[in-house]
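run_26.cif, holding mmCIF, C-alpha atoms and all ligand atoms:
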```cif
data_data
#
loop_
_atom_site.group_PDB
_atom_site.id
_atom_site.type_symbol
_atom_site.label_atom_id
_atom_site.label_comp_id
_atom_site.auth_asym_id
_atom_site.auth_seq_id
_atom_site.Cartn_x
_atom_site.Cartn_y
_atom_site.Cartn_z
ATOM 1 C CA MET J 1 -65.740 159.143 6.587
ATOM 2 C CA LYS J 2 -67.108 155.734 5.716
ATOM 3 C CA LEU J 3 -65.989 152.961 8.018
ATOM 4 C CA SER J 4 -65.446 149.442 6.813
ATOM 5 C CA GLY J 5 -64.244 146.092 8.062
ATOM 6 C CA SER J 6 -62.379 146.351 11.314
ATOM 7 C CA ASP J 7 -62.167 150.150 11.352
ATOM 8 C CA CYS J 8 -62.667 151.696 14.768
ATOM 9 C CA LEU J 9 -63.814 155.285 15.153
ATOM 10 C CA CYS J 10 -62.887 156.943 18.426
ATOM 11 C CA THR J 11 -65.864 159.048 19.471
ATOM 12 C CA VAL J 12 -63.639 161.137 21.729
ATOM 13 C CA CYS J 13 -60.833 162.268 19.438
ATOM 14 C CA LYS J 14 -62.578 161.363 16.128
ATOM 15 C CA ARG J 15 -59.586 159.432 14.873
ATOM 16 C CA VAL J 16 -60.151 156.224 12.940
ATOM 17 C CA PHE J 17 -58.096 153.143 13.715
ATOM 18 C CA LYS J 18 -57.346 150.065 11.668
ATOM 19 C CA GLY J 19 -58.714 147.792 14.361
ATOM 20 C CA ASP J 20 -59.609 147.284 17.964
ATOM 21 C CA GLU J 21 -56.018 146.701 19.025
ATOM 22 C CA ALA J 22 -54.813 149.940 17.455
ATOM 23 C CA PHE J 23 -57.749 151.766 19.032
ATOM 24 C CA ARG J 24 -56.937 150.478 22.505
ATOM 25 C CA ARG J 25 -53.303 151.442 22.132
ATOM 26 C CA HIS J 26 -54.199 155.142 22.022
ATOM 27 C CA ARG J 27 -56.376 155.028 25.149
ATOM 28 C CA ARG J 28 -54.781 155.597 28.512
ATOM 29 C CA GLY J 29 -55.879 155.836 32.131
ATOM 30 C CA LYS J 30 -58.656 154.121 34.006
ATOM 31 C CA TYR J 31 -62.219 153.991 32.715
ATOM 32 C CA GLY J 32 -64.461 156.466 34.581
ATOM 33 C CA ILE J 33 -61.500 158.127 36.268
ATOM 34 C CA ASP J 34 -58.921 159.528 33.891
ATOM 35 C CA ARG J 35 -59.543 157.666 30.628
ATOM 36 C CA HIS J 36 -58.252 159.723 27.735
ATOM 37 C CA CYS J 37 -56.781 159.610 24.251
ATOM 38 C CA ILE J 38 -53.139 160.052 23.471
ATOM 39 C CA ASP J 39 -51.525 160.946 20.180
ATOM 40 C CA PRO J 40 -51.248 157.605 18.313
ATOM 41 C CA ALA J 41 -47.917 158.712 16.865
ATOM 42 C CA THR J 42 -46.415 158.650 20.359
ATOM 43 C CA VAL J 43 -47.045 154.896 20.598
ATOM 44 C CA GLY J 44 -45.543 154.043 17.236
ATOM 45 C CA MET J 45 -48.621 154.251 15.049
ATOM 46 C CA ARG J 46 -48.845 156.005 11.708
ATOM 47 C CA LEU J 47 -51.708 157.464 9.702
ATOM 48 C CA ASN J 48 -52.045 155.408 6.539
ATOM 49 C CA GLU J 49 -53.190 156.500 3.079
ATOM 50 C CA ARG J 50 -56.770 155.582 3.943
ATOM 51 C CA GLY J 51 -56.809 157.861 6.977
ATOM 52 C CA ARG J 52 -56.555 155.006 9.468
ATOM 53 C CA TRP J 53 -54.183 154.908 12.395
ATOM 54 C CA GLY J 54 -52.255 151.724 12.949
ATOM 55 C CA LYS J 55 -48.883 150.169 13.336
ATOM 56 C CA PRO J 56 -46.690 150.750 10.296
ATOM 57 C CA ILE J 57 -45.936 147.662 8.250
ATOM 58 C CA ALA J 58 -42.447 146.374 8.896
ATOM 59 C CA ALA J 59 -39.954 146.572 6.043
ATOM 60 C CA ASP J 60 -39.578 142.791 5.814
ATOM 61 C CA THR J 61 -43.359 142.360 5.626
ATOM 62 C CA LEU J 62 -43.507 144.898 2.802
ATOM 63 C CA ALA J 63 -40.849 142.929 0.955
ATOM 64 C CA LYS J 64 -42.918 139.758 1.313
ATOM 65 C CA LEU J 65 -46.049 141.522 0.088
ATOM 66 C CA ALA J 66 -44.175 142.818 -2.937
ATOM 67 C CA THR J 67 -43.337 139.279 -4.021
ATOM 68 C CA ILE J 68 -46.971 138.108 -3.830
ATOM 69 C CA GLY J 69 -47.966 140.158 -6.858
ATOM 70 C CA ARG J 70 -45.224 138.663 -9.013
ATOM 71 C CA LYS J 71 -45.874 135.592 -11.039
ATOM 72 C CA PRO J 72 -43.608 132.739 -10.081
ATOM 73 C CA THR J 73 -41.648 131.055 -12.813
ATOM 74 C CA PRO J 74 -43.922 128.375 -14.245
ATOM 75 C CA VAL J 75 -42.653 124.922 -13.420
ATOM 76 C CA HIS J 76 -45.317 122.988 -15.299
ATOM 77 C CA GLN J 77 -44.711 123.967 -18.861
ATOM 78 C CA GLY J 78 -45.224 121.862 -21.911
ATOM 79 C CA GLY J 79 -48.814 120.890 -21.292
ATOM 80 C CA LYS J 80 -48.205 118.789 -18.202
ATOM 81 C CA SER J 81 -50.882 118.933 -15.565
ATOM 82 C CA ALA J 82 -50.017 120.814 -12.413
ATOM 83 C CA ARG J 83 -52.476 118.801 -10.397
ATOM 84 C CA LYS J 84 -50.999 116.847 -7.553
ATOM 85 C CA LEU J 85 -53.949 114.486 -7.195
ATOM 86 C CA LYS J 86 -53.113 110.913 -8.056
ATOM 87 C CA THR J 87 -55.440 109.119 -10.357
ATOM 88 C CA PRO J 88 -56.232 105.577 -9.320
HETATM 89 ZN ZN ZN X 101 -59.385 158.762 20.807
#
```
Encoded form (structure tokens):
Amino acid sequence: MKLSGSDCLCTVCKRVFKGDEAFRRHRRGKYGIDRHCIDPATVGMRLNERGRWGKPIAADTLAKLATIGRKPTPVHQGGKSARKLKTP
């Protein structure tokens, strides 16, 4: 699997996480004593379509993301400039 960006590969359980925070969430115990991996699903994470473990996106965040792709109704029609800079 090719890693990119903030992906974190766990060398112990071979799972890939969306970032350092997600990675740390699946590690339990004390380093050098009983450090181990737990199932990410037990701490609320989900495997996404890219094979990365991470926190699922909240429903309200998804709704916001859905609106980003839509074009807002143009308010500057009729050839008027949309620039807000004032000309001296
Ligand atoms: Zn692990």
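Excluding stretch 10-13 of chain J itself and same-chain residues fewer than 2 positions from it, the residues having an atom within 8 Å of it are Cys8, Arg15, Val16, Phe17, Phe23 and Cys37 of chain J, counting only C-alpha atoms.
Among the candidate residues J:Arg25, J:Lys18, J:Lys64, J:Lys2, the one lying nearest to J:Arg52 is J:Lys18, with distances computed using only C-alpha atoms.
Atom CA of J:Gly54 to atom CA of J:Ser4 spans 14.7 Å [interatomic distance, one decimal].
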Figure out the distance between atom CA of J:Met1 and atom CA of J:Lys30, please, to one decimal in Å.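 A separation of 28.8 Å between them.
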Report, in Å with one decimal, the straight-line distance from atom CA of J:Thr61 to atom CA of J:Glu21. 18.9 Å
Is there a way to complete stretch 4-34 of chain J with N, CA and C atoms and then write that out as a CSV table (one decimal), keeping the file's coordinate frame?
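The result, stored in rebuild-v7.csv:
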```csv
chain,number,residue,atom,x,y,z
J,4,SER,N,-65.3,150.8,7.4
J,4,SER,CA,-65.4,149.4,6.8
J,4,SER,C,-64.6,148.4,7.6
J,5,GLY,N,-65.0,147.2,7.5
J,5,GLY,CA,-64.2,146.1,8.1
J,5,GLY,C,-64.0,146.3,9.5
J,6,SER,N,-62.7,146.3,9.9
J,6,SER,CA,-62.4,146.4,11.3
J,6,SER,C,-62.1,147.8,11.8
J,7,ASP,N,-62.4,148.8,11.0
J,7,ASP,CA,-62.2,150.2,11.4
J,7,ASP,C,-62.8,150.5,12.7
J,8,CYS,N,-62.1,151.3,13.5
J,8,CYS,CA,-62.7,151.7,14.8
J,8,CYS,C,-62.6,153.2,14.8
J,9,LEU,N,-63.8,153.8,15.0
J,9,LEU,CA,-63.8,155.3,15.2
J,9,LEU,C,-63.8,155.6,16.6
J,10,CYS,N,-62.9,156.5,17.0
J,10,CYS,CA,-62.9,156.9,18.4
J,10,CYS,C,-63.8,158.1,18.5
J,11,THR,N,-64.9,158.0,19.4
J,11,THR,CA,-65.9,159.0,19.5
J,11,THR,C,-65.3,160.2,20.3
J,12,VAL,N,-64.2,160.1,20.9
J,12,VAL,CA,-63.6,161.1,21.7
J,12,VAL,C,-62.8,162.0,20.9
J,13,CYS,N,-61.8,161.4,20.2
J,13,CYS,CA,-60.8,162.3,19.4
J,13,CYS,C,-61.1,162.2,17.9
J,14,LYS,N,-62.1,161.4,17.5
J,14,LYS,CA,-62.6,161.4,16.1
J,14,LYS,C,-61.5,160.8,15.2
J,15,ARG,N,-60.5,160.1,15.7
J,15,ARG,CA,-59.6,159.4,14.9
J,15,ARG,C,-60.1,158.1,14.5
J,16,VAL,N,-59.7,157.6,13.4
J,16,VAL,CA,-60.2,156.2,12.9
J,16,VAL,C,-58.9,155.3,13.0
J,17,PHE,N,-59.2,154.1,13.6
J,17,PHE,CA,-58.1,153.1,13.7
J,17,PHE,C,-58.4,151.9,12.9
J,18,LYS,N,-57.2,151.2,12.5
J,18,LYS,CA,-57.3,150.1,11.7
J,18,LYS,C,-58.0,148.9,12.3
J,19,GLY,N,-58.1,148.9,13.7
J,19,GLY,CA,-58.7,147.8,14.4
J,19,GLY,C,-58.8,148.1,15.8
J,20,ASP,N,-59.4,147.1,16.5
J,20,ASP,CA,-59.6,147.3,18.0
J,20,ASP,C,-58.3,147.4,18.7
J,21,GLU,N,-57.3,146.6,18.3
J,21,GLU,CA,-56.0,146.7,19.0
J,21,GLU,C,-55.4,148.1,18.9
J,22,ALA,N,-55.4,148.6,17.7
J,22,ALA,CA,-54.8,149.9,17.5
J,22,ALA,C,-55.6,151.0,18.3
J,23,PHE,N,-56.9,150.8,18.3
J,23,PHE,CA,-57.7,151.8,19.0
J,23,PHE,C,-57.4,151.8,20.5
J,24,ARG,N,-57.2,150.6,21.1
J,24,ARG,CA,-56.9,150.5,22.5
J,24,ARG,C,-55.6,151.0,22.9
J,25,ARG,N,-54.7,150.9,21.9
J,25,ARG,CA,-53.3,151.4,22.1
J,25,ARG,C,-53.3,153.0,22.4
J,26,HIS,N,-54.2,153.7,21.9
J,26,HIS,CA,-54.2,155.1,22.0
J,26,HIS,C,-55.0,155.6,23.2
J,27,ARG,N,-55.6,154.7,24.0
J,27,ARG,CA,-56.4,155.0,25.1
J,27,ARG,C,-55.5,154.8,26.4
J,28,ARG,N,-55.6,155.7,27.3
J,28,ARG,CA,-54.8,155.6,28.5
J,28,ARG,C,-55.6,155.9,29.7
J,29,GLY,N,-55.2,155.5,30.9
J,29,GLY,CA,-55.9,155.8,32.1
J,29,GLY,C,-57.0,154.8,32.4
J,30,LYS,N,-57.6,155.0,33.6
J,30,LYS,CA,-58.7,154.1,34.0
J,30,LYS,C,-60.0,154.6,33.6
J,31,TYR,N,-60.9,153.7,33.1
J,31,TYR,CA,-62.2,154.0,32.7
J,31,TYR,C,-63.0,154.6,33.8
J,32,GLY,N,-63.6,155.8,33.6
J,32,GLY,CA,-64.5,156.5,34.6
J,32,GLY,C,-63.7,157.4,35.5
J,33,ILE,N,-62.3,157.3,35.4
J,33,ILE,CA,-61.5,158.1,36.3
J,33,ILE,C,-60.7,159.1,35.4
J,34,ASP,N,-59.7,158.6,34.7
J,34,ASP,CA,-58.9,159.5,33.9
J,34,ASP,C,-58.7,159.0,32.5
```
